Amino acid sequence: MRVIRHVAELQQLADRERSLGRSIGLVPTMGALHAGHLSLVEQARRRTDRVWLSIFVNPSQFDDPKDMDAYPSTFEADLRACRAAGVDVVFAPGADEMYDPDSQTWVDVDEITLPLCGAARPGHFRGVITIVTKLLLAAKPHVAVFGEKDFQQLAVIRRMVRDLGFDVEIVAGPIVREADGLALSSRNVNLDAEARRQALVLCQALDAAERAVAAGETRSKALLQLVRQEIGKAPRAEIEYAELRDPESLEVAPPELARATLLALAVFIRPPGAAAGTTVRLIDNRVLHPQP
Ligand code: PAF
């Protein structure tokens with residue numbers, strides 16, 4: 001497995017692989033790898049001859065510097081996990097390599113970045129889309145794989161690739177969950193035992209909504225009320241958003257659901273009482289399929 005730090009070197013290798021007729025699959029990450037990332041590696045492997053994984057904690061997508069400081073870093077363990085998973089190249093650039101201090105160019109996607117995570121985290125998607133564009137230009141992959149847990153991110157990336165005419169196939173990796181339903185996330189390491197227990201309300205709320213839809217519920221308002229009720233059962237959980245949206249355009253779902261609809265959640269799990277500790281922001285989602 002090669003570890004590459006420089007864009008020019010990665011581009012040269014991409015040209016060589018392409019000239020030899022080999023396809024490249026890229027898995028962009030910010031490190032702190034877990035089984036969810038490794039499932040994306042598997043998705044890439046099924047489709048391409050070479051699997052490349054990037055590790056770059058992208059400063060421009062953090063609206064709060066404290067959030068970036070709290071982001072876990074496990075580089076050596078990540079390299080071991082990549083080796084074991086048969087990754088061919090890890091691209092791990094430094095911040096200077098990806099952002100020239102003199103750079104004036106950003107890639108911005110419009111309406112689809114405004115709701116949900118975009119509403120709460122101004123500038124977040126501009127940072128994500130700019131770095132994803134740079135990674136695609138650096139690795140020249142045939143396929144790039146992103147997890148469905150960051151559903152809005154995936155929708156925004158698809159939109160950018162379509163709008164800019166990038167010659168890359170975007171593949172979605174399904175959410176990977178612990179046995180009890182908690183969606184895998186690099187941020188889960190910041191949950192203490194009690195916070196982790198309370199974090200299960202995200203998945204429980206999604207399950208409750210899915211059951212209600214299976215039983216014939218199609219009213220948006222009733223479904224969102226149910227979701228709020230479920231999350232309300234955890235005293236340390238505070239909803240940032242709980243919304244029903246079109247899975248592609250991310251427009252607000254109609255009052256009566258008639259087709260596949262995204263239920264997207266962002267929830268803060270707060271430390272107990274006034275205690276000092278880490279507030280962890282978790283996201284999760286499910287596409288609901290109302291009965292015809
Ligand atoms: O999902 C992530 O880990 C990041 O947002 C990404 C896509 C690697 C861009 O920094």
# chains A, B, ... in the order shown; residues from 1 in each chain; ligands from 1

call {"tool": "residues_around", "arguments": {"residues": "Val267 of chain A", "least_positions_apart": "4", "cutoff": "10 Å", "atoms": "only C-alpha atoms", "output": "JSON, numbers by chain"}}
result
{"A": [199, 201, 202, 231, 236, 237, 238, 239, 240, 241, 242, 280, 281, 282, 283, 284]}

call {"tool": "write_last_selection", "arguments": {"atoms": "N, CA, C and O atoms", "output": "PDB file, in the first residue's frame"}}
result
ATOM      1  N   ALA A 199     -28.351   8.044  22.658  1.00  0.00           N
ATOM      2  CA  ALA A 199     -28.207   8.279  21.211  1.00  0.00           C
ATOM      3  C   ALA A 199     -29.032   7.279  20.394  1.00  0.00           C
ATOM      4  O   ALA A 199     -29.319   7.525  19.213  1.00  0.00           O
ATOM      5  N   VAL A 201     -32.010   6.880  20.502  1.00  0.00           N
ATOM      6  CA  VAL A 201     -33.332   7.427  20.123  1.00  0.00           C
ATOM      7  C   VAL A 201     -33.387   7.821  18.648  1.00  0.00           C
ATOM      8  O   VAL A 201     -34.477   7.834  18.073  1.00  0.00           O
ATOM      9  N   LEU A 202     -32.249   8.146  18.056  1.00  0.00           N
ATOM     10  CA  LEU A 202     -32.301   8.521  16.624  1.00  0.00           C
ATOM     11  C   LEU A 202     -32.837   7.338  15.812  1.00  0.00           C
ATOM     12  O   LEU A 202     -33.810   7.459  15.053  1.00  0.00           O
ATOM     13  N   ILE A 231     -37.908  11.012  20.249  1.00  0.00           N
ATOM     14  CA  ILE A 231     -36.626  11.623  20.646  1.00  0.00           C
ATOM     15  C   ILE A 231     -36.767  12.283  22.024  1.00  0.00           C
ATOM     16  O   ILE A 231     -35.825  12.280  22.823  1.00  0.00           O
ATOM     17  N   ARG A 236     -31.379  13.782  27.462  1.00  0.00           N
ATOM     18  CA  ARG A 236     -30.177  14.509  27.029  1.00  0.00           C
ATOM     19  C   ARG A 236     -30.153  14.771  25.531  1.00  0.00           C
ATOM     20  O   ARG A 236     -29.189  15.310  25.008  1.00  0.00           O
ATOM     21  N   ALA A 237     -31.205  14.356  24.839  1.00  0.00           N
ATOM     22  CA  ALA A 237     -31.231  14.556  23.380  1.00  0.00           C
ATOM     23  C   ALA A 237     -31.997  15.824  23.045  1.00  0.00           C
ATOM     24  O   ALA A 237     -33.071  16.075  23.595  1.00  0.00           O
ATOM     25  N   GLU A 238     -31.431  16.626  22.173  1.00  0.00           N
ATOM     26  CA  GLU A 238     -32.104  17.868  21.748  1.00  0.00           C
ATOM     27  C   GLU A 238     -32.080  17.930  20.218  1.00  0.00           C
ATOM     28  O   GLU A 238     -31.008  17.837  19.604  1.00  0.00           O
ATOM     29  N   ILE A 239     -33.281  18.085  19.649  1.00  0.00           N
ATOM     30  CA  ILE A 239     -33.377  18.030  18.184  1.00  0.00           C
ATOM     31  C   ILE A 239     -32.826  19.310  17.559  1.00  0.00           C
ATOM     32  O   ILE A 239     -33.198  20.410  17.955  1.00  0.00           O
ATOM     33  N   GLU A 240     -31.937  19.149  16.575  1.00  0.00           N
ATOM     34  CA  GLU A 240     -31.562  20.308  15.749  1.00  0.00           C
ATOM     35  C   GLU A 240     -32.540  20.391  14.579  1.00  0.00           C
ATOM     36  O   GLU A 240     -33.102  21.433  14.301  1.00  0.00           O
ATOM     37  N   TYR A 241     -32.739  19.278  13.894  1.00  0.00           N
ATOM     38  CA  TYR A 241     -33.819  19.223  12.918  1.00  0.00           C
ATOM     39  C   TYR A 241     -34.364  17.801  12.812  1.00  0.00           C
ATOM     40  O   TYR A 241     -33.651  16.826  13.087  1.00  0.00           O
ATOM     41  N   ALA A 242     -35.636  17.736  12.453  1.00  0.00           N
ATOM     42  CA  ALA A 242     -36.292  16.461  12.138  1.00  0.00           C
ATOM     43  C   ALA A 242     -37.222  16.812  10.994  1.00  0.00           C
ATOM     44  O   ALA A 242     -38.206  17.532  11.196  1.00  0.00           O
ATOM     45  N   VAL A 280     -22.390  16.070  21.685  1.00  0.00           N
ATOM     46  CA  VAL A 280     -22.120  15.370  20.424  1.00  0.00           C
ATOM     47  C   VAL A 280     -23.326  15.552  19.506  1.00  0.00           C
ATOM     48  O   VAL A 280     -24.466  15.353  19.906  1.00  0.00           O
ATOM     49  N   ARG A 281     -23.036  15.963  18.284  1.00  0.00           N
ATOM     50  CA  ARG A 281     -24.108  16.152  17.299  1.00  0.00           C
ATOM     51  C   ARG A 281     -24.118  14.918  16.390  1.00  0.00           C
ATOM     52  O   ARG A 281     -23.113  14.589  15.771  1.00  0.00           O
ATOM     53  N   LEU A 282     -25.275  14.267  16.350  1.00  0.00           N
ATOM     54  CA  LEU A 282     -25.383  13.047  15.544  1.00  0.00           C
ATOM     55  C   LEU A 282     -26.431  13.241  14.462  1.00  0.00           C
ATOM     56  O   LEU A 282     -27.445  13.918  14.678  1.00  0.00           O
ATOM     57  N   ILE A 283     -26.193  12.636  13.308  1.00  0.00           N
ATOM     58  CA  ILE A 283     -27.211  12.655  12.256  1.00  0.00           C
ATOM     59  C   ILE A 283     -27.552  11.219  11.870  1.00  0.00           C
ATOM     60  O   ILE A 283     -26.756  10.305  12.066  1.00  0.00           O
ATOM     61  N   ASP A 284     -28.767  11.059  11.370  1.00  0.00           N
ATOM     62  CA  ASP A 284     -29.201   9.742  10.903  1.00  0.00           C
ATOM     63  C   ASP A 284     -30.367   9.986   9.951  1.00  0.00           C
ATOM     64  O   ASP A 284     -30.942  11.096   9.921  1.00  0.00           O
TER      65      ASP A 284
END

call {"tool": "residues_near_ligand", "arguments": {"ligand": "ligand 1", "cutoff": "9 Å", "atoms": "only C-alpha atoms and all ligand atoms", "output": "count of residues only"}}
result
31

call {"tool": "closest_atom_pairs", "arguments": {"of": "segment 169-214 of chain A", "to": "segment 244-263 of chain A", "cutoff": "10 Å", "atoms": "only C-alpha atoms", "output": "Markdown table"}}
result
| residue | atom | partner | partner_atom | distance |
| --- | --- | --- | --- | --- |
| A:Ala205 | CA | A:Leu263 | CA | 9.9 |
| A:Leu206 | CA | A:Leu263 | CA | 7.5 |
| A:Ala209 | CA | A:Leu263 | CA | 8.5 |
| A:Glu210 | CA | A:Leu263 | CA | 9.4 |
| A:Val213 | CA | A:Leu257 | CA | 9.5 |

call {"tool": "write_last_selection", "arguments": {"atoms": "C-alpha atoms", "output": "mmCIF file, in the first residue's frame"}}
result
data_model
loop_
_atom_site.group_PDB
_atom_site.id
_atom_site.type_symbol
_atom_site.label_atom_id
_atom_site.label_comp_id
_atom_site.auth_asym_id
_atom_site.auth_seq_id
_atom_site.Cartn_x
_atom_site.Cartn_y
_atom_site.Cartn_z
ATOM 1 C CA ALA A 205 -37.411 7.374 16.041
ATOM 2 C CA LEU A 206 -36.616 6.290 12.466
ATOM 3 C CA ALA A 209 -41.713 6.347 11.646
ATOM 4 C CA GLU A 210 -41.041 3.417 9.355
ATOM 5 C CA VAL A 213 -45.685 4.312 7.379
#

call {"tool": "atom_distance", "arguments": {"atom1": "atom CA of Ile112 of chain A", "atom2": "atom CA of Arg159 of chain A"}}
result
8.4 Å

call {"tool": "atom_distance", "arguments": {"atom1": "atom CA of Thr133 of chain A", "atom2": "atom CA of Ser103 of chain A"}}
result
14.2 Å

call {"tool": "select_by_dssp", "arguments": {"residues": "segment 69-240 of chain A", "states": "alpha helix (DSSP H)", "output": "VMD selection string"}}
result
chain A and resid 69 to 70 75 to 84 95 to 98 116 to 120 124 to 139 151 to 164 193 to 214 220 to 232

call {"tool": "residues_around", "arguments": {"residues": "segment 167-178 of chain A", "least_positions_apart": "3", "cutoff": "9 Å", "atoms": "only C-alpha atoms", "output": "PyMOL selection string"}}
result
chain A and resi 35-37+39-40+43-44+136+140-150+154+157-158+161+181-184+284-285

call {"tool": "write_last_selection", "arguments": {"atoms": "C-alpha atoms", "output": "mmCIF file, in the first residue's frame"}}
result
data_model
loop_
_atom_site.group_PDB
_atom_site.id
_atom_site.type_symbol
_atom_site.label_atom_id
_atom_site.label_comp_id
_atom_site.auth_asym_id
_atom_site.auth_seq_id
_atom_site.Cartn_x
_atom_site.Cartn_y
_atom_site.Cartn_z
ATOM 1 C CA ALA A 35 -16.577 -0.339 9.689
ATOM 2 C CA GLY A 36 -18.788 2.155 7.820
ATOM 3 C CA HIS A 37 -15.763 3.469 5.899
ATOM 4 C CA SER A 39 -17.913 -0.936 3.736
ATOM 5 C CA LEU A 40 -17.321 1.964 1.290
ATOM 6 C CA GLN A 43 -18.224 -0.942 -2.587
ATOM 7 C CA ALA A 44 -15.262 0.528 -4.487
ATOM 8 C CA LEU A 136 -11.727 14.286 -7.706
ATOM 9 C CA LYS A 140 -9.151 11.238 -11.315
ATOM 10 C CA PRO A 141 -11.269 8.279 -10.152
ATOM 11 C CA HIS A 142 -13.806 6.415 -12.283
ATOM 12 C CA VAL A 143 -15.960 5.871 -9.201
ATOM 13 C CA ALA A 144 -16.208 7.773 -5.908
ATOM 14 C CA VAL A 145 -18.044 6.271 -2.942
ATOM 15 C CA PHE A 146 -19.829 8.228 -0.197
ATOM 16 C CA GLY A 147 -21.921 7.010 2.748
ATOM 17 C CA GLU A 148 -25.682 7.477 2.891
ATOM 18 C CA LYS A 149 -25.477 8.535 6.532
ATOM 19 C CA ASP A 150 -24.499 11.988 5.266
ATOM 20 C CA LEU A 154 -24.356 12.748 -1.008
ATOM 21 C CA ILE A 157 -22.138 15.898 -4.391
ATOM 22 C CA ARG A 158 -24.372 14.202 -6.972
ATOM 23 C CA VAL A 161 -20.999 16.248 -10.362
ATOM 24 C CA GLY A 181 -29.095 0.260 15.749
ATOM 25 C CA LEU A 182 -26.668 3.139 16.419
ATOM 26 C CA ALA A 183 -25.369 4.405 13.068
ATOM 27 C CA LEU A 184 -21.569 4.195 12.900
ATOM 28 C CA ASP A 284 -29.201 9.742 10.903
ATOM 29 C CA ASN A 285 -31.824 9.211 8.225
#

call {"tool": "atom_distance", "arguments": {"atom1": "atom CA of Val51 of chain A", "atom2": "atom CA of Gly86 of chain A"}}
result
7.9 Å

call {"tool": "select_by_dssp", "arguments": {"residues": "segment 38-265 of chain A", "states": "strand (DSSP E)", "output": "ChimeraX atom specification"}}
result
/A:50-55,89-91,143-147,169-173,237-245,261-265

call {"tool": "closest_residue", "arguments": {"among": "A:Asn188, A:Thr105, A:Thr279, A:Gln291", "to": "Ala212 of chain A", "atoms": "only C-alpha atoms"}}
result
A:Gln291

call {"tool": "closest_residue", "arguments": {"among": "A:Val287, A:Val109, A:Val7, A:Ile24", "to": "Ala95 of chain A", "atoms": "only C-alpha atoms"}}
result
A:Val7

call {"tool": "closest_residue", "arguments": {"among": "A:Pro235, A:Arg211, A:Ala266, A:Pro65", "to": "Ala120 of chain A", "atoms": "only C-alpha atoms"}}
result
A:Ala266

call {"tool": "closest_residue", "arguments": {"among": "A:Ala139, A:Val156, A:Ala81, A:Cys203", "to": "Arg18 of chain A", "atoms": "only C-alpha atoms"}}
result
A:Ala139

call {"tool": "closest_residue", "arguments": {"among": "A:Leu20, A:Ala214, A:Ala85, A:Val3", "to": "Leu33 of chain A", "atoms": "only C-alpha atoms"}}
result
A:Ala85
